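**Student:** Sharing input.tsv (TSV, C-alpha atoms) below.
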chain	number	residue	atom	x	y	z
A	12	MET	CA	71.52	-141.58	0.32
A	13	ALA	CA	71.98	-140.62	-3.30
A	14	GLY	CA	74.80	-143.14	-3.87
A	15	MET	CA	77.80	-142.82	-6.16
A	16	THR	CA	77.44	-142.48	-9.90
A	17	LEU	CA	79.50	-143.84	-12.77
A	18	GLU	CA	80.43	-140.28	-13.70
A	19	GLN	CA	81.83	-139.71	-10.20
A	20	LEU	CA	83.87	-142.89	-10.47
A	21	LYS	CA	85.32	-141.82	-13.84
A	22	ILE	CA	86.27	-138.44	-12.37
A	23	PHE	CA	87.77	-140.05	-9.28
A	24	LEU	CA	89.92	-142.43	-11.36
A	25	ALA	CA	91.21	-139.57	-13.49
A	26	VAL	CA	92.24	-137.64	-10.39
A	27	ALA	CA	93.82	-140.76	-8.87
A	28	GLN	CA	95.82	-141.32	-12.05
A	29	HIS	CA	97.11	-137.77	-12.43
A	30	LEU	CA	97.03	-136.71	-8.74
A	31	HIS	CA	95.99	-133.37	-10.14
A	32	PHE	CA	92.49	-131.87	-10.42
A	33	THR	CA	93.19	-129.66	-13.42
A	34	ARG	CA	94.82	-132.42	-15.47
A	35	ALA	CA	91.92	-134.74	-14.67
A	36	ALA	CA	89.50	-132.04	-15.85
A	37	GLU	CA	91.44	-131.59	-19.09
A	38	GLU	CA	91.40	-135.32	-19.79
A	39	LEU	CA	87.63	-135.53	-19.24
A	40	TYR	CA	86.82	-132.24	-21.01
A	41	ILE	CA	85.03	-130.81	-17.98
A	42	THR	CA	85.78	-127.89	-15.68
A	43	GLN	CA	88.09	-128.07	-12.70
A	44	PRO	CA	85.29	-127.01	-10.30
A	45	ALA	CA	83.19	-129.95	-11.59
A	46	VAL	CA	86.03	-132.32	-10.72
A	47	SER	CA	86.43	-130.81	-7.26
A	48	ALA	CA	82.68	-131.02	-6.65
A	49	ALA	CA	82.53	-134.69	-7.64
A	50	ILE	CA	85.35	-135.63	-5.25
A	51	HIS	CA	83.88	-133.48	-2.47
A	52	ASN	CA	80.45	-135.09	-2.86
A	53	LEU	CA	81.93	-138.59	-2.66
A	54	GLU	CA	83.88	-137.70	0.47
A	55	GLN	CA	80.83	-136.09	2.09
A	56	GLU	CA	78.51	-138.96	1.14
A	57	TYR	CA	80.67	-141.64	2.76
A	58	GLY	CA	82.49	-139.65	5.42
A	59	VAL	CA	85.99	-140.49	4.17
A	60	LYS	CA	89.01	-138.71	2.77
A	61	LEU	CA	89.90	-139.88	-0.70
A	62	PHE	CA	92.84	-137.50	-1.12
A	63	HIS	CA	95.11	-135.63	1.26
A	64	ARG	CA	95.64	-132.00	0.25
A	65	ILE	CA	99.27	-131.11	0.97
A	66	GLY	CA	99.95	-127.55	-0.08
A	67	ARG	CA	99.34	-127.39	-3.82
A	68	HIS	CA	99.72	-131.16	-4.19
A	69	ILE	CA	97.48	-134.12	-3.39
A	70	GLU	CA	98.17	-137.69	-2.31
A	71	ILE	CA	95.75	-140.59	-2.47
A	72	ALA	CA	94.45	-141.68	0.94
A	73	GLU	CA	93.75	-145.26	2.12
A	74	ALA	CA	90.06	-144.93	1.28
A	75	GLY	CA	91.08	-143.64	-2.13
A	76	LYS	CA	93.32	-146.65	-2.75
A	77	LEU	CA	90.41	-148.97	-1.97
A	78	LEU	CA	88.03	-147.05	-4.22
A	79	GLN	CA	90.59	-146.93	-7.03
A	80	VAL	CA	90.74	-150.74	-7.25
A	81	GLU	CA	86.99	-151.28	-6.97
A	82	ALA	CA	86.04	-148.38	-9.26
A	83	GLN	CA	88.25	-149.78	-12.02
A	84	LYS	CA	86.55	-153.17	-11.69
A	85	ILE	CA	83.11	-151.55	-11.87
A	86	LEU	CA	83.90	-149.47	-14.95
A	87	ASP	CA	85.55	-152.44	-16.68
A	88	GLN	CA	82.43	-154.52	-16.09
A	89	VAL	CA	80.18	-151.72	-17.33
A	90	SER	CA	82.29	-151.46	-20.48
A	91	LEU	CA	82.04	-155.19	-21.12
A	92	THR	CA	78.30	-155.16	-20.50
A	93	GLU	CA	77.83	-152.30	-22.95
A	94	ARG	CA	79.83	-154.18	-25.54
A	95	GLY	CA	77.75	-157.30	-24.96
A	96	LEU	CA	74.53	-155.36	-25.51
A	97	ARG	CA	75.87	-153.79	-28.70
A	98	GLU	CA	76.69	-157.24	-30.02
A	99	LEU	CA	73.04	-158.34	-29.89
A	100	ASN	CA	72.85	-157.47	-33.56
A	101	ASN	CA	74.12	-160.64	-35.25
A	102	LEU	CA	77.71	-159.41	-34.98
A	103	GLN	CA	77.12	-156.56	-37.39
A	104	ARG	CA	79.22	-154.21	-35.27
A	105	GLY	CA	81.41	-154.28	-32.19
A	106	GLU	CA	85.05	-154.40	-31.11
A	107	LEU	CA	87.44	-157.29	-30.48
A	108	LYS	CA	90.61	-156.65	-28.49
A	109	LEU	CA	93.44	-159.08	-29.15
A	110	GLY	CA	96.90	-159.31	-27.66
A	111	SER	CA	99.53	-161.27	-29.54
A	112	SER	CA	103.17	-162.16	-29.13
A	113	LEU	CA	105.36	-160.84	-31.92
A	114	THR	CA	105.89	-163.89	-34.13
A	115	ILE	CA	102.22	-164.88	-34.06
A	116	GLY	CA	101.05	-161.31	-34.60
A	117	ASN	CA	103.36	-160.61	-37.51
A	118	TYR	CA	103.26	-163.91	-39.39
A	119	TRP	CA	100.42	-166.22	-38.31
A	120	LEU	CA	97.56	-164.09	-37.06
A	121	PRO	CA	97.01	-161.66	-40.00
A	122	SER	CA	95.40	-164.35	-42.18
A	123	LYS	CA	93.08	-165.31	-39.32
A	124	ILE	CA	92.05	-161.70	-38.82
A	125	SER	CA	91.45	-161.27	-42.55
A	126	GLU	CA	89.25	-164.37	-42.60
A	127	PHE	CA	87.24	-163.09	-39.63
A	128	LYS	CA	86.86	-159.62	-41.17
A	129	SER	CA	85.59	-161.14	-44.41
A	130	ARG	CA	82.82	-162.83	-42.44
A	131	TYR	CA	82.07	-159.89	-40.13
A	132	PRO	CA	83.14	-156.68	-41.94
A	133	GLY	CA	81.48	-154.38	-39.40
A	134	ILE	CA	83.65	-155.62	-36.54
A	135	GLN	CA	86.62	-153.50	-35.43
A	136	ILE	CA	89.65	-155.56	-34.39
A	137	ASN	CA	92.36	-153.95	-32.28
A	138	CYS	CA	95.49	-156.07	-31.93
A	139	SER	CA	98.42	-155.16	-29.67
A	140	LEU	CA	101.82	-156.84	-30.07
A	141	ALA	CA	104.26	-157.54	-27.24
A	142	ASN	CA	106.29	-160.43	-25.92
A	143	THR	CA	104.62	-163.50	-24.38
A	144	GLU	CA	105.02	-162.37	-20.80
A	145	GLU	CA	103.36	-159.00	-21.46
A	146	ILE	CA	100.46	-160.56	-23.40
A	147	CYS	CA	99.80	-163.03	-20.58
A	148	MET	CA	99.67	-160.19	-18.06
A	149	GLY	CA	97.47	-158.05	-20.31
A	150	THR	CA	94.98	-160.89	-20.74
A	151	ALA	CA	94.95	-161.51	-16.99
A	152	THR	CA	94.19	-157.85	-16.24
A	153	GLY	CA	91.43	-157.56	-18.87
A	154	GLN	CA	93.37	-155.48	-21.38
A	155	PHE	CA	92.65	-158.11	-24.06
A	156	ASP	CA	89.62	-160.28	-24.79
A	157	LEU	CA	91.93	-163.02	-26.06
A	158	GLY	CA	95.69	-163.48	-25.99
A	159	LEU	CA	97.79	-165.47	-28.44
A	160	VAL	CA	101.28	-166.55	-27.40
A	161	GLU	CA	103.93	-169.11	-28.30
A	162	GLY	CA	105.51	-169.25	-24.85
A	163	ASP	CA	104.38	-170.79	-21.58
A	164	VAL	CA	101.97	-169.19	-19.12
A	165	LYS	CA	103.78	-168.58	-15.84
A	166	PRO	CA	102.51	-170.71	-12.91
A	167	ALA	CA	101.33	-167.58	-11.06
A	168	LEU	CA	98.84	-166.84	-13.88
A	169	GLN	CA	97.67	-170.37	-14.66
A	170	SER	CA	94.79	-170.17	-12.16
A	171	THR	CA	93.67	-166.91	-13.83
A	172	LEU	CA	94.12	-167.79	-17.49
A	173	GLU	CA	92.58	-170.61	-19.48
A	174	TYR	CA	94.75	-171.68	-22.41
A	175	GLU	CA	94.65	-174.20	-25.25
A	176	ILE	CA	96.63	-174.95	-28.41
A	177	VAL	CA	95.30	-173.39	-31.63
A	178	GLY	CA	98.32	-173.78	-33.91
A	179	SER	CA	102.07	-174.32	-34.03
A	180	ASP	CA	105.26	-173.74	-35.92
A	181	ARG	CA	108.88	-174.89	-35.95
A	182	LEU	CA	111.92	-173.12	-34.61
A	183	GLN	CA	114.95	-173.38	-36.86
A	184	ILE	CA	118.61	-172.70	-36.27
A	185	VAL	CA	119.56	-170.16	-38.92
A	186	VAL	CA	122.82	-168.56	-40.09
A	187	GLY	CA	123.89	-165.99	-42.67
A	188	GLN	CA	126.11	-166.46	-45.72
A	189	LYS	CA	129.33	-165.59	-43.89
A	190	HIS	CA	128.85	-168.33	-41.31
A	191	PRO	CA	130.77	-171.58	-41.99
A	192	TRP	CA	127.60	-173.58	-41.28
A	193	PHE	CA	125.94	-171.94	-44.29
A	194	GLU	CA	127.87	-174.26	-46.62
A	195	TRP	CA	127.50	-177.31	-44.42
A	196	GLY	CA	123.71	-177.31	-44.05
A	197	GLU	CA	123.83	-179.57	-41.02
A	198	ILE	CA	125.78	-179.93	-37.79
A	199	ASP	CA	126.05	-182.24	-34.82
A	200	LEU	CA	124.48	-181.29	-31.48
A	201	THR	CA	127.92	-180.83	-29.94
A	202	GLN	CA	128.73	-178.05	-32.42
A	203	LEU	CA	126.02	-175.78	-31.03
A	204	THR	CA	128.46	-174.60	-28.36
A	205	GLN	CA	131.14	-173.76	-30.93
A	206	THR	CA	129.68	-170.61	-32.49
A	207	LEU	CA	128.44	-167.14	-31.56
A	208	TRP	CA	124.73	-166.67	-30.83
A	209	VAL	CA	122.17	-163.87	-31.08
A	210	MET	CA	119.21	-164.37	-28.72
A	211	ARG	CA	115.77	-162.92	-28.02
A	212	GLU	CA	115.07	-161.20	-24.71
A	213	PRO	CA	113.82	-163.00	-21.56
A	214	GLY	CA	110.01	-163.15	-21.69
A	215	SER	CA	110.01	-163.98	-25.40
A	216	GLY	CA	108.14	-167.17	-26.34
A	217	THR	CA	110.80	-167.94	-28.96
A	218	GLN	CA	113.51	-167.72	-26.33
A	219	GLN	CA	111.55	-169.91	-23.90
A	220	ARG	CA	111.16	-172.68	-26.47
A	221	PHE	CA	114.77	-172.49	-27.63
A	222	GLU	CA	116.06	-172.79	-24.06
A	223	GLU	CA	113.74	-175.76	-23.45
A	224	ALA	CA	115.11	-177.46	-26.59
A	225	LEU	CA	118.69	-176.88	-25.43
A	226	GLN	CA	117.88	-178.46	-22.06
A	227	ASN	CA	116.32	-181.48	-23.76
A	228	TRP	CA	119.48	-181.81	-25.86
A	229	GLY	CA	121.58	-181.76	-22.69
A	230	ILE	CA	122.98	-178.28	-23.35
A	231	ASN	CA	122.95	-175.49	-20.78
A	232	LEU	CA	122.31	-171.98	-22.09
A	233	SER	CA	125.42	-170.78	-20.25
A	234	GLU	CA	127.51	-173.01	-22.54
A	235	LEU	CA	126.57	-170.89	-25.56
A	236	ASN	CA	128.59	-167.79	-26.48
A	237	VAL	CA	125.79	-165.19	-26.60
A	238	ILE	CA	127.00	-161.90	-28.07
A	239	LEU	CA	123.68	-160.06	-28.50
A	240	VAL	CA	120.24	-160.10	-26.87
A	241	LEU	CA	117.56	-158.30	-28.91
A	242	ASN	CA	113.84	-157.72	-28.42
A	243	SER	CA	112.50	-158.67	-31.85
A	244	GLY	CA	112.93	-161.46	-34.37
A	245	GLU	CA	113.49	-158.94	-37.16
A	246	MET	CA	116.44	-157.50	-35.27
A	247	THR	CA	117.99	-160.93	-34.72
A	248	LYS	CA	117.64	-161.69	-38.45
A	249	ALA	CA	119.35	-158.43	-39.37
A	250	ALA	CA	122.14	-159.10	-36.88
A	251	ILE	CA	123.18	-162.40	-38.49
A	252	GLU	CA	122.59	-161.64	-42.17
A	253	ASP	CA	125.97	-159.90	-42.40
A	254	GLY	CA	127.54	-161.50	-39.34
A	255	VAL	CA	128.85	-164.83	-38.14
A	256	GLY	CA	126.36	-165.62	-35.39
A	257	ALA	CA	123.47	-168.11	-35.29
A	258	ILE	CA	119.88	-167.70	-34.09
A	259	GLY	CA	116.96	-169.91	-33.10
A	260	ILE	CA	113.94	-168.43	-34.90
A	261	SER	CA	110.49	-169.30	-36.21
A	262	GLU	CA	110.46	-170.75	-39.73
A	263	LEU	CA	107.57	-168.36	-40.43
A	264	MET	CA	109.95	-165.43	-39.99
A	265	VAL	CA	112.72	-166.62	-42.29
A	266	LYS	CA	110.78	-168.27	-45.11
A	267	LYS	CA	111.48	-165.43	-47.54
A	268	GLU	CA	115.18	-165.10	-46.65
A	269	ILE	CA	115.75	-168.84	-46.99
A	270	GLN	CA	114.10	-168.81	-50.43
A	271	LEU	CA	116.38	-165.92	-51.43
A	272	GLU	CA	119.35	-167.80	-49.89
A	273	THR	CA	120.44	-164.86	-47.76
A	274	LEU	CA	119.90	-167.10	-44.72
A	275	ARG	CA	120.04	-170.87	-44.33
A	276	ALA	CA	118.29	-173.19	-41.90
A	277	ILE	CA	120.71	-175.66	-40.33
A	278	ARG	CA	119.64	-179.21	-39.51
A	279	VAL	CA	120.92	-180.61	-36.22
A	280	ILE	CA	121.97	-184.27	-36.19
A	281	ASP	CA	120.89	-186.00	-32.99
A	282	ASN	CA	122.24	-189.54	-32.58
A	283	ARG	CA	121.26	-189.93	-28.95
A	284	GLU	CA	119.24	-193.03	-28.18
A	285	GLY	CA	115.62	-192.85	-27.07
A	286	LYS	CA	114.98	-189.27	-28.22
A	287	SER	CA	112.11	-188.27	-30.50
A	288	ALA	CA	113.33	-186.63	-33.69
A	289	MET	CA	112.91	-186.60	-37.47
A	290	HIS	CA	114.55	-189.41	-39.45
A	291	THR	CA	115.92	-188.57	-42.92
A	292	ALA	CA	118.42	-190.44	-45.13
A	293	GLY	CA	119.80	-192.50	-42.26
A	294	TYR	CA	120.27	-189.51	-39.93
A	295	THR	CA	118.21	-188.45	-36.93
A	296	TYR	CA	117.51	-184.73	-36.94
A	297	ALA	CA	116.40	-182.83	-33.85
A	298	GLU	CA	113.25	-180.75	-34.27
A	299	ILE	CA	111.86	-177.88	-32.21
A	300	VAL	CA	108.10	-177.69	-32.68
A	301	ARG	CA	106.26	-175.18	-30.52
A	302	PRO	CA	102.54	-174.72	-29.95
A	303	PHE	CA	100.58	-171.49	-30.26
A	304	PHE	CA	98.29	-170.91	-27.27
A	305	LYS	CA	95.01	-169.03	-27.10
A	306	LEU	CA	94.49	-167.36	-23.71
A	307	LYS	CA	91.37	-166.05	-22.03
A	308	HIS	CA	90.45	-165.07	-18.50
A	309	ARG	CA	88.74	-167.84	-16.55
A	310	GLN	CA	86.20	-165.56	-14.87
A	311	ARG	CA	85.79	-162.37	-16.87
A	312	PHE	CA	82.72	-161.90	-19.04
A	313	GLN	CA	83.43	-163.14	-22.56
A	314	THR	CA	81.83	-161.23	-25.40
A	315	ALA	CA	80.07	-162.94	-28.29
A	316	LEU	CA	82.78	-161.63	-30.61
A	317	SER	CA	85.60	-163.27	-28.71
A	318	LYS	CA	83.67	-166.57	-28.59
A	319	VAL	CA	83.18	-166.56	-32.37
A	320	PHE	CA	86.82	-165.63	-33.02
A	321	GLU	CA	88.22	-168.33	-30.76
A	322	GLN	CA	85.92	-170.91	-32.35
A	323	MET	CA	87.29	-169.91	-35.75
A	324	LEU	CA	90.85	-170.46	-34.47
A	325	ILE	CA	89.96	-173.89	-33.10
A	326	SER	CA	88.21	-174.89	-36.31
A	327	SER	CA	91.25	-173.78	-38.33
A	328	MET	CA	93.45	-176.07	-36.25
A	329	LEU	CA	91.07	-179.04	-36.49
A	330	ASP	CA	90.75	-178.83	-40.27
A	331	GLY	CA	94.52	-179.23	-40.60
A	332	SER	CA	95.49	-175.79	-41.84
A	333	ASP	CA	98.21	-175.61	-39.16
A	334	GLN	CA	100.49	-178.39	-40.27
A	335	HIS	CA	102.71	-178.78	-37.21
A	336	VAL	CA	100.01	-179.13	-34.53
A	337	SER	CA	100.07	-182.92	-34.43
A	338	LYS	CA	103.87	-183.19	-34.11
A	339	SER	CA	105.52	-183.73	-30.76
A	340	VAL	CA	107.09	-180.74	-29.05
A	341	ILE	CA	110.65	-180.90	-27.82
Could you write out this structure as structure tokens?

**Tutor:**
Amino acid sequence: MAGMTLEQLKIFLAVAQHLHFTRAAEELYITQPAVSAAIHNLEQEYGVKLFHRIGRHIEIAEAGKLLQVEAQKILDQVSLTERGLRELNNLQRGELKLGSSLTIGNYWLPSKISEFKSRYPGIQINCSLANTEEICMGTATGQFDLGLVEGDVKPALQSTLEYEIVGSDRLQIVVGQKHPWFEWGEIDLTQLTQTLWVMREPGSGTQQRFEEALQNWGINLSELNVILVLNSGEMTKAAIEDGVGAIGISELMVKKEIQLETLRAIRVIDNREGKSAMHTAGYTYAEIVRPFFKLKHRQRFQTALSKVFEQMLISSMLDGSDQHVSKSVI
């Protein structure tokens, strides 16, 4: 038996994706007869039907569904192995694939990437941004070498993903100039239910942490008057700059606006007994400190590049450059 080849598997996966021989040929820059021949040879070699031909259309058969899953695993492993071999050159070249949630990717991660690139200028870094839930899933499926998120890993993925803290930041309650709180500067916990709110979408790490803080303060999310749900921090900022709503947002995202006094961070007075908070001038202020997590797959091959990058992140945390790491998280 000649056995299947990697080229046959690539052709098969293209056909399975498009369910069309000509489109698969166009994607792979080969002829349509070459695609047909590759599929025919696989079917003949193993005595199975990979696709059902129905008129001018095709449908994937049961054997094809099995091969689709296993072929993807094989080609993913080949790709990782090739990358590992290319990296046996003192990290002079190679590719690192990162996935990051939006706040981390826009405000915290760029300096880390710049530091890494200064050490290893020949390395190509590809970073994709999405919300926490999507980055967790992408890391679990091998789309990313490492993931960086500020939200929790869902229980269903915790056996697949290894995660540890590599940094942190604070969430702040922020309002625009037209909001009455702008002049006050601080409010009592009970006043959180007495204003309009703009929120991030479900799956956002920012939203997860804000809802956890509300629960710890004894406030149910349903008690808040939420008028808008948006899928980026920049959009929530824009929504309140000229409006009367409030947001819970990373201090990294509003540092410039607070300096310019177009937005103001509002301190929340928490006089409940037995709760951890920040004490200032006789008042007890509630804080929301959230960790940044580094994710990696527990079983997938880890390239030398990803090992070096994650060690740099850990070292950065240990040397104190992330000032909120040691604080307790609400």

**Student:** Report, in Å to a single decimal, how far apart CA of Pro121 (chain A) and CA of Glu161 (chain A) are.

**Tutor:**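 Rounded to one decimal, the two atoms are 15.5 Å apart.
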
**Student:** I want to know what sits within 12 Å of region 14-18 of chain A, based on only C-alpha atoms, with residues of the same chain fewer than 2 positions away left out; could you give that as a CSV table (one decimal) with C-alpha atoms, keeping the file's coordinate frame?

**Tutor:**
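The file below, part-v6.csv, is the result:
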chain,number,residue,atom,x,y,z
A,12,MET,CA,71.5,-141.6,0.3
A,20,LEU,CA,83.9,-142.9,-10.5
A,21,LYS,CA,85.3,-141.8,-13.8
A,22,ILE,CA,86.3,-138.4,-12.4
A,23,PHE,CA,87.8,-140.0,-9.3
A,24,LEU,CA,89.9,-142.4,-11.4
A,25,ALA,CA,91.2,-139.6,-13.5
A,39,LEU,CA,87.6,-135.5,-19.2
A,41,ILE,CA,85.0,-130.8,-18.0
A,45,ALA,CA,83.2,-130.0,-11.6
A,46,VAL,CA,86.0,-132.3,-10.7
A,48,ALA,CA,82.7,-131.0,-6.6
A,49,ALA,CA,82.5,-134.7,-7.6
A,50,ILE,CA,85.4,-135.6,-5.2
A,51,HIS,CA,83.9,-133.5,-2.5
A,52,ASN,CA,80.4,-135.1,-2.9
A,53,LEU,CA,81.9,-138.6,-2.7
A,54,GLU,CA,83.9,-137.7,0.5
A,55,GLN,CA,80.8,-136.1,2.1
A,56,GLU,CA,78.5,-139.0,1.1
A,57,TYR,CA,80.7,-141.6,2.8
A,78,LEU,CA,88.0,-147.0,-4.2
A,82,ALA,CA,86.0,-148.4,-9.3
A,83,GLN,CA,88.2,-149.8,-12.0
A,84,LYS,CA,86.6,-153.2,-11.7
A,85,ILE,CA,83.1,-151.6,-11.9
A,86,LEU,CA,83.9,-149.5,-15.0
A,87,ASP,CA,85.6,-152.4,-16.7
A,88,GLN,CA,82.4,-154.5,-16.1
A,89,VAL,CA,80.2,-151.7,-17.3
A,90,SER,CA,82.3,-151.5,-20.5

**Student:** Please tell me which residues are no farther than 12 Å from (95.6, -146.7, 4.2) in the file, counting all atoms listed in the file, and write them as a list in words.

**Tutor:**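 Output: Val59, Lys60, Leu61, Phe62, His63, Glu70, Ile71, Ala72, Glu73, Ala74, Gly75, Lys76, Leu77 and Leu78 of chain A.
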
**Student:** Skip Gln202 (chain A) itself and residues of its chain fewer than 3 positions away, then list as a CSV table (one decimal) with C-alpha atoms, in the frame of the given file all residues within 12 Å of it, counting only C-alpha atoms.

**Tutor:**
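The resulting out30.csv:
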chain,number,residue,atom,x,y,z
A,191,PRO,CA,130.8,-171.6,-42.0
A,192,TRP,CA,127.6,-173.6,-41.3
A,197,GLU,CA,123.8,-179.6,-41.0
A,198,ILE,CA,125.8,-179.9,-37.8
A,199,ASP,CA,126.0,-182.2,-34.8
A,205,GLN,CA,131.1,-173.8,-30.9
A,206,THR,CA,129.7,-170.6,-32.5
A,207,LEU,CA,128.4,-167.1,-31.6
A,228,TRP,CA,119.5,-181.8,-25.9
A,230,ILE,CA,123.0,-178.3,-23.4
A,234,GLU,CA,127.5,-173.0,-22.5
A,235,LEU,CA,126.6,-170.9,-25.6
A,236,ASN,CA,128.6,-167.8,-26.5
A,257,ALA,CA,123.5,-168.1,-35.3
A,277,ILE,CA,120.7,-175.7,-40.3
A,278,ARG,CA,119.6,-179.2,-39.5
A,279,VAL,CA,120.9,-180.6,-36.2
A,280,ILE,CA,122.0,-184.3,-36.2
A,281,ASP,CA,120.9,-186.0,-33.0

**Student:** I'd like to know which of A:Leu109, A:Ile124, A:Thr152, A:Leu168 is closest to Asn137 (chain A), using only C-alpha atoms.

**Tutor:**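 The closest residue to Asn137 (chain A) is A:Leu109.
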
**Student:** Can you list every residue of region 96-130 of chain A that has an atom at most 9 Å from region 209-221 of chain A, with its nearest atom pair and the distance in Å to one decimal, using all atoms listed in the file, ordered by chain then number, as a tab-separated table?

**Tutor:**
residue	atom	partner	partner_atom	distance
A:Ser112	CA	A:Gly216	CA	7.6
A:Leu113	CA	A:Ser215	CA	8.6
A:Thr114	CA	A:Thr217	CA	8.2

**Student:** In Å, rounded to a single decimal, give me how far CA of Glu298 (chain A) is from CA of Leu203 (chain A).

**Tutor:** 14.1 Å

**Student:** Just need the box for region 135-153 of chain A, edges along x, y and z, holding every atom the file lists for it with 6 Å tacked onto each side, so centre and edge lengths in Å to one decimal, as JSON.

**Tutor:**
{"center_x": 96.5, "center_y": -158.5, "center_z": -25.8, "size_x": 31.7, "size_y": 22.0, "size_z": 31.2}

**Student:** Using CA of Arg275 (chain A) and CA of Lys248 (chain A) as the two end points, give the distance in Å to one decimal.

**Tutor:**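 The value is 11.2 Å.
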
**Student:** Gln43 (chain A): which residues within 8 Å, counting only C-alpha atoms, same-chain residues fewer than 3 positions away excluded, as a PDB file with C-alpha atoms, keeping the file's coordinate frame?

**Tutor:**
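Heads up, here's the output in selection.pdb:
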ATOM      1  CA  PHE A  32      92.490-131.870 -10.420  1.00  0.00           C
ATOM      2  CA  THR A  33      93.190-129.660 -13.420  1.00  0.00           C
ATOM      3  CA  ALA A  35      91.920-134.740 -14.670  1.00  0.00           C
ATOM      4  CA  ALA A  36      89.500-132.040 -15.850  1.00  0.00           C
ATOM      5  CA  VAL A  46      86.030-132.320 -10.720  1.00  0.00           C
ATOM      6  CA  SER A  47      86.430-130.810  -7.260  1.00  0.00           C
TER       7      SER A  47
END

**Student:** May I have the protein, DNA and RNA residues with an atom at most 9 Å from (107.4, -171.3, -38.7), counting all atoms listed in the file in the file's coordinates, returned as a PyMOL selection string?

**Tutor:** chain A and resi 114+118-119+179-183+260-266+300+335

**Student:** Taking only C-alpha atoms into account, which of A:Leu225, A:Met328, A:Ile299, A:Leu96 comes nearest Leu200 (chain A)?

**Tutor:**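 Comparing A:Leu225, A:Met328, A:Ile299, A:Leu96 against Leu200 (chain A), the winner is A:Leu225.
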
**Student:** Would you mind telling me which residue in A:Gln226, A:Ser327, A:Gln188, A:Asn231 lies nearest to Thr204 (chain A) when using all atoms listed in the file?

**Tutor:**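 Of A:Gln226, A:Ser327, A:Gln188, A:Asn231, the one nearest Thr204 (chain A) is A:Asn231, counting all atoms listed in the file.
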
**Student:** Measuring between all atoms listed in the file, which one of A:Met148, A:Leu157, A:Ala27, A:Ala297 shows the shortest distance to Lys318 (chain A)?

**Tutor:**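 Nearest to Lys318 (chain A): A:Leu157.
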
**Student:** Restricting the calculation to all atoms listed in the file, which member of A:Arg301, A:His68, A:Lys128, A:Lys189 is positioned closest to Glu272 (chain A)?

**Tutor:**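 Smallest distance to Glu272 (chain A) is found for A:Lys189.
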